[in-house]
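What follows is a single structure, written as C-alpha cells, with notes after it.
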Amino acid sequence: VYAVSTMGITGTRDSVDDLAKKVVSGIRDASKTQNTAVGIGISTSAQVVDVNAYADGAIVGSAFVKAYASGGISALTEKVKEISSGIHQ
C-alpha cells in the first residue's frame, strides 16, 4: 500500500507529517501482512530513516527528479547515495 505522508501535492518537504504513522497503523490493524510504504515529500536521509522505523519502506520521487533535472545522472547518483546513507548504517 502506498501511504501518503501528507495531504497535498507531491514535492519535497522539510518534515514528514505525523499523520503518516496513523495511516500505517490503521493499515497494520486491518492486515498484519500488508506491506506499506510512505511517500510524498520524502527528500532526506533522516526522513527515510524516520519512515522506515514504522513502515516497510519510503518512496522518494520529486527529490530524485529535481536532482536529475539540475545535474543529470551524476547529480541523481549523488542524491541516491545521500538519501540512502542512513539505511546503510
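Letters for chains follow the order of the C-alpha cells (A, B, ...), residue numbers begin at 1 for each chain, and ligand numbers begin at 1 in the order shown.
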
ask   = Do you know which residues are at most 7 Å from region 70-87 of chain A counting only C-alpha atoms, after dropping those on the same chain fewer than 3 positions away, and could you put them as a ChimeraX atom specification?
value = /A:44-46,49,64,66-67

Write out, as a tab-separated table, each residue of region 50-76 of chain A that has an atom at most 7 Å from region 26-36 of chain A, together with the closest pair of atoms and their distance in Å to one decimal, counting only C-alpha atoms, rows going by chain and rising number.
```
residue	atom	partner	partner_atom	distance
A:Ala55	CA	A:Thr36	CA	5.8
A:Asp56	CA	A:Thr36	CA	5.3
A:Gly57	CA	A:Thr36	CA	6.8
```

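Proximity ranking of A:Ser25, A:Tyr68, A:Ala63, A:Ala20 relative to Asp50 (chain A) places A:Ala20 first, based on only C-alpha atoms.
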
Correct to one decimal, the distance CA of Tyr2 (chain A)-CA of Asp18 (chain A) is 15.6 Å

Item to complete: Enumerate the residues of chain A with a DSSP assignment of helix (DSSP H, G or I), computed from the backbone, and present them as number ranges by chain.
Response: A: 19-30, 45-52, 62-88

Next, dump the selected residues to file, keeping only N, CA and C atoms, as a compact mmCIF listing (two decimals), in the first residue's frame.
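As a result, out31.txt now contains:
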```txt
# COMPACT_ATOMS: atom_id res chain seq x y z
N LEU A 19 0.71 12.25 10.52
CA LEU A 19 -0.47 11.53 10.05
C LEU A 19 -0.07 10.23 9.35
N ALA A 20 1.10 10.22 8.75
CA ALA A 20 1.57 9.00 8.06
C ALA A 20 1.64 7.83 9.02
N LYS A 21 2.09 8.07 10.24
CA LYS A 21 2.17 7.00 11.24
C LYS A 21 0.78 6.43 11.54
N LYS A 22 -0.21 7.30 11.60
CA LYS A 22 -1.58 6.86 11.86
C LYS A 22 -2.12 6.05 10.69
N VAL A 23 -1.80 6.47 9.47
CA VAL A 23 -2.26 5.74 8.29
C VAL A 23 -1.65 4.34 8.29
N VAL A 24 -0.35 4.24 8.52
CA VAL A 24 0.32 2.94 8.55
C VAL A 24 -0.24 2.08 9.67
N SER A 25 -0.47 2.66 10.82
CA SER A 25 -1.03 1.92 11.95
C SER A 25 -2.41 1.36 11.59
N GLY A 26 -3.22 2.16 10.92
CA GLY A 26 -4.55 1.70 10.51
C GLY A 26 -4.47 0.55 9.53
N ILE A 27 -3.50 0.62 8.63
CA ILE A 27 -3.32 -0.48 7.67
C ILE A 27 -2.86 -1.73 8.40
N ARG A 28 -1.97 -1.58 9.36
CA ARG A 28 -1.48 -2.72 10.15
C ARG A 28 -2.62 -3.34 10.96
N ASP A 29 -3.53 -2.51 11.47
CA ASP A 29 -4.68 -3.03 12.21
C ASP A 29 -5.59 -3.86 11.30
N ALA A 30 -5.71 -3.44 10.04
CA ALA A 30 -6.58 -4.13 9.10
C ALA A 30 -5.93 -5.40 8.54
N SER A 45 17.79 11.83 4.00
CA SER A 45 18.15 10.57 4.64
C SER A 45 17.44 10.41 5.98
N ALA A 46 17.36 11.50 6.74
CA ALA A 46 16.69 11.45 8.05
C ALA A 46 15.22 11.08 7.90
N GLN A 47 14.56 11.59 6.87
CA GLN A 47 13.16 11.25 6.65
C GLN A 47 13.00 9.78 6.29
N VAL A 48 13.91 9.25 5.49
CA VAL A 48 13.87 7.83 5.13
C VAL A 48 14.03 6.97 6.38
N VAL A 49 14.99 7.31 7.22
CA VAL A 49 15.21 6.57 8.46
C VAL A 49 13.97 6.64 9.34
N ASP A 50 13.38 7.82 9.47
CA ASP A 50 12.18 8.00 10.29
C ASP A 50 11.03 7.15 9.77
N VAL A 51 10.77 7.22 8.49
CA VAL A 51 9.66 6.47 7.89
C VAL A 51 9.90 4.96 8.02
N ASN A 52 11.13 4.53 7.80
CA ASN A 52 11.42 3.10 7.87
C ASN A 52 11.31 2.55 9.30
N SER A 62 10.13 13.16 -6.12
CA SER A 62 10.44 14.52 -6.55
C SER A 62 11.90 14.91 -6.29
N ALA A 63 12.47 14.45 -5.20
CA ALA A 63 13.86 14.79 -4.90
C ALA A 63 14.79 14.21 -5.96
N PHE A 64 14.47 13.02 -6.46
CA PHE A 64 15.29 12.40 -7.50
C PHE A 64 15.10 13.11 -8.84
N VAL A 65 13.87 13.45 -9.16
CA VAL A 65 13.58 14.16 -10.41
C VAL A 65 14.29 15.52 -10.41
N LYS A 66 14.22 16.22 -9.29
CA LYS A 66 14.86 17.53 -9.17
C LYS A 66 16.38 17.41 -9.34
N ALA A 67 16.98 16.42 -8.70
CA ALA A 67 18.43 16.22 -8.81
C ALA A 67 18.82 15.92 -10.26
N TYR A 68 18.08 15.05 -10.90
CA TYR A 68 18.38 14.70 -12.30
C TYR A 68 18.22 15.91 -13.21
N ALA A 69 17.16 16.68 -12.99
CA ALA A 69 16.90 17.85 -13.83
C ALA A 69 17.99 18.91 -13.68
N SER A 70 18.56 19.01 -12.48
CA SER A 70 19.55 20.05 -12.26
C SER A 70 20.98 19.62 -12.59
N GLY A 71 21.25 18.31 -12.60
CA GLY A 71 22.63 17.90 -12.82
C GLY A 71 22.82 16.58 -13.52
N GLY A 72 21.76 16.05 -14.10
CA GLY A 72 21.90 14.81 -14.86
C GLY A 72 22.12 13.60 -13.97
N ILE A 73 22.66 12.57 -14.61
CA ILE A 73 22.81 11.28 -13.93
C ILE A 73 23.78 11.36 -12.75
N SER A 74 24.80 12.18 -12.84
CA SER A 74 25.76 12.27 -11.73
C SER A 74 25.10 12.90 -10.50
N ALA A 75 24.27 13.92 -10.69
CA ALA A 75 23.56 14.53 -9.56
C ALA A 75 22.54 13.57 -8.98
N LEU A 76 21.88 12.82 -9.84
CA LEU A 76 20.91 11.81 -9.37
C LEU A 76 21.63 10.74 -8.55
N THR A 77 22.75 10.28 -9.04
CA THR A 77 23.53 9.26 -8.33
C THR A 77 23.93 9.75 -6.95
N GLU A 78 24.38 10.98 -6.86
CA GLU A 78 24.77 11.55 -5.56
C GLU A 78 23.58 11.68 -4.62
N LYS A 79 22.41 12.06 -5.16
CA LYS A 79 21.21 12.18 -4.33
C LYS A 79 20.79 10.82 -3.80
N VAL A 80 20.87 9.80 -4.63
CA VAL A 80 20.53 8.44 -4.18
C VAL A 80 21.47 8.01 -3.06
N LYS A 81 22.77 8.26 -3.24
CA LYS A 81 23.74 7.92 -2.19
C LYS A 81 23.44 8.67 -0.90
N GLU A 82 23.14 9.97 -1.03
CA GLU A 82 22.84 10.80 0.15
C GLU A 82 21.61 10.30 0.89
N ILE A 83 20.53 10.08 0.16
CA ILE A 83 19.27 9.68 0.80
C ILE A 83 19.36 8.28 1.39
N SER A 84 20.10 7.40 0.75
CA SER A 84 20.19 6.02 1.25
C SER A 84 21.25 5.84 2.33
N SER A 85 22.04 6.86 2.59
CA SER A 85 23.14 6.72 3.54
C SER A 85 22.70 6.30 4.94
N GLY A 86 21.57 6.77 5.39
CA GLY A 86 21.09 6.45 6.73
C GLY A 86 20.63 5.02 6.92
N ILE A 87 20.25 4.36 5.84
CA ILE A 87 19.77 2.98 5.97
C ILE A 87 20.89 1.96 5.90
N HIS A 88 22.08 2.42 5.58
CA HIS A 88 23.24 1.51 5.46
C HIS A 88 24.11 1.53 6.70
```

Just list as an MDAnalysis selection string whatever in chain A DSSP marks as strand (DSSP E).
chainID A and resid 2:4 37:39 57:58

*Mind checking which residues fall within 7 Å of Gly39 (chain A), counting only C-alpha atoms, ignoring those fewer than 4 positions away in the same chain, and posting them as a list in words?*
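Those residues are Tyr2, Ala3, Val4, Ser5, Ala58, Ile59 and Val60 of chain A.
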
Keeping only N, CA and C atoms, write the selected residues to a file as a tab-separated table (two decimals), in the first residue's frame.
```tsv
chain	number	residue	atom	x	y	z
A	2	TYR	N	0.57	2.18	-0.84
A	2	TYR	CA	1.26	3.46	-0.87
A	2	TYR	C	0.51	4.39	0.08
A	3	ALA	N	1.13	4.72	1.20
A	3	ALA	CA	0.52	5.62	2.18
A	3	ALA	C	1.12	7.01	2.01
A	4	VAL	N	0.29	8.00	1.80
A	4	VAL	CA	0.81	9.35	1.63
A	4	VAL	C	1.22	9.92	2.98
A	5	SER	N	2.32	10.66	2.98
A	5	SER	CA	2.83	11.22	4.23
A	5	SER	C	2.14	12.51	4.61
A	58	ALA	N	10.19	3.68	2.27
A	58	ALA	CA	9.98	5.09	1.98
A	58	ALA	C	10.06	5.27	0.47
A	59	ILE	N	9.17	6.07	-0.08
A	59	ILE	CA	9.13	6.31	-1.52
A	59	ILE	C	9.66	7.71	-1.78
A	60	VAL	N	10.70	7.78	-2.59
A	60	VAL	CA	11.30	9.07	-2.95
A	60	VAL	C	11.04	9.29	-4.43
```
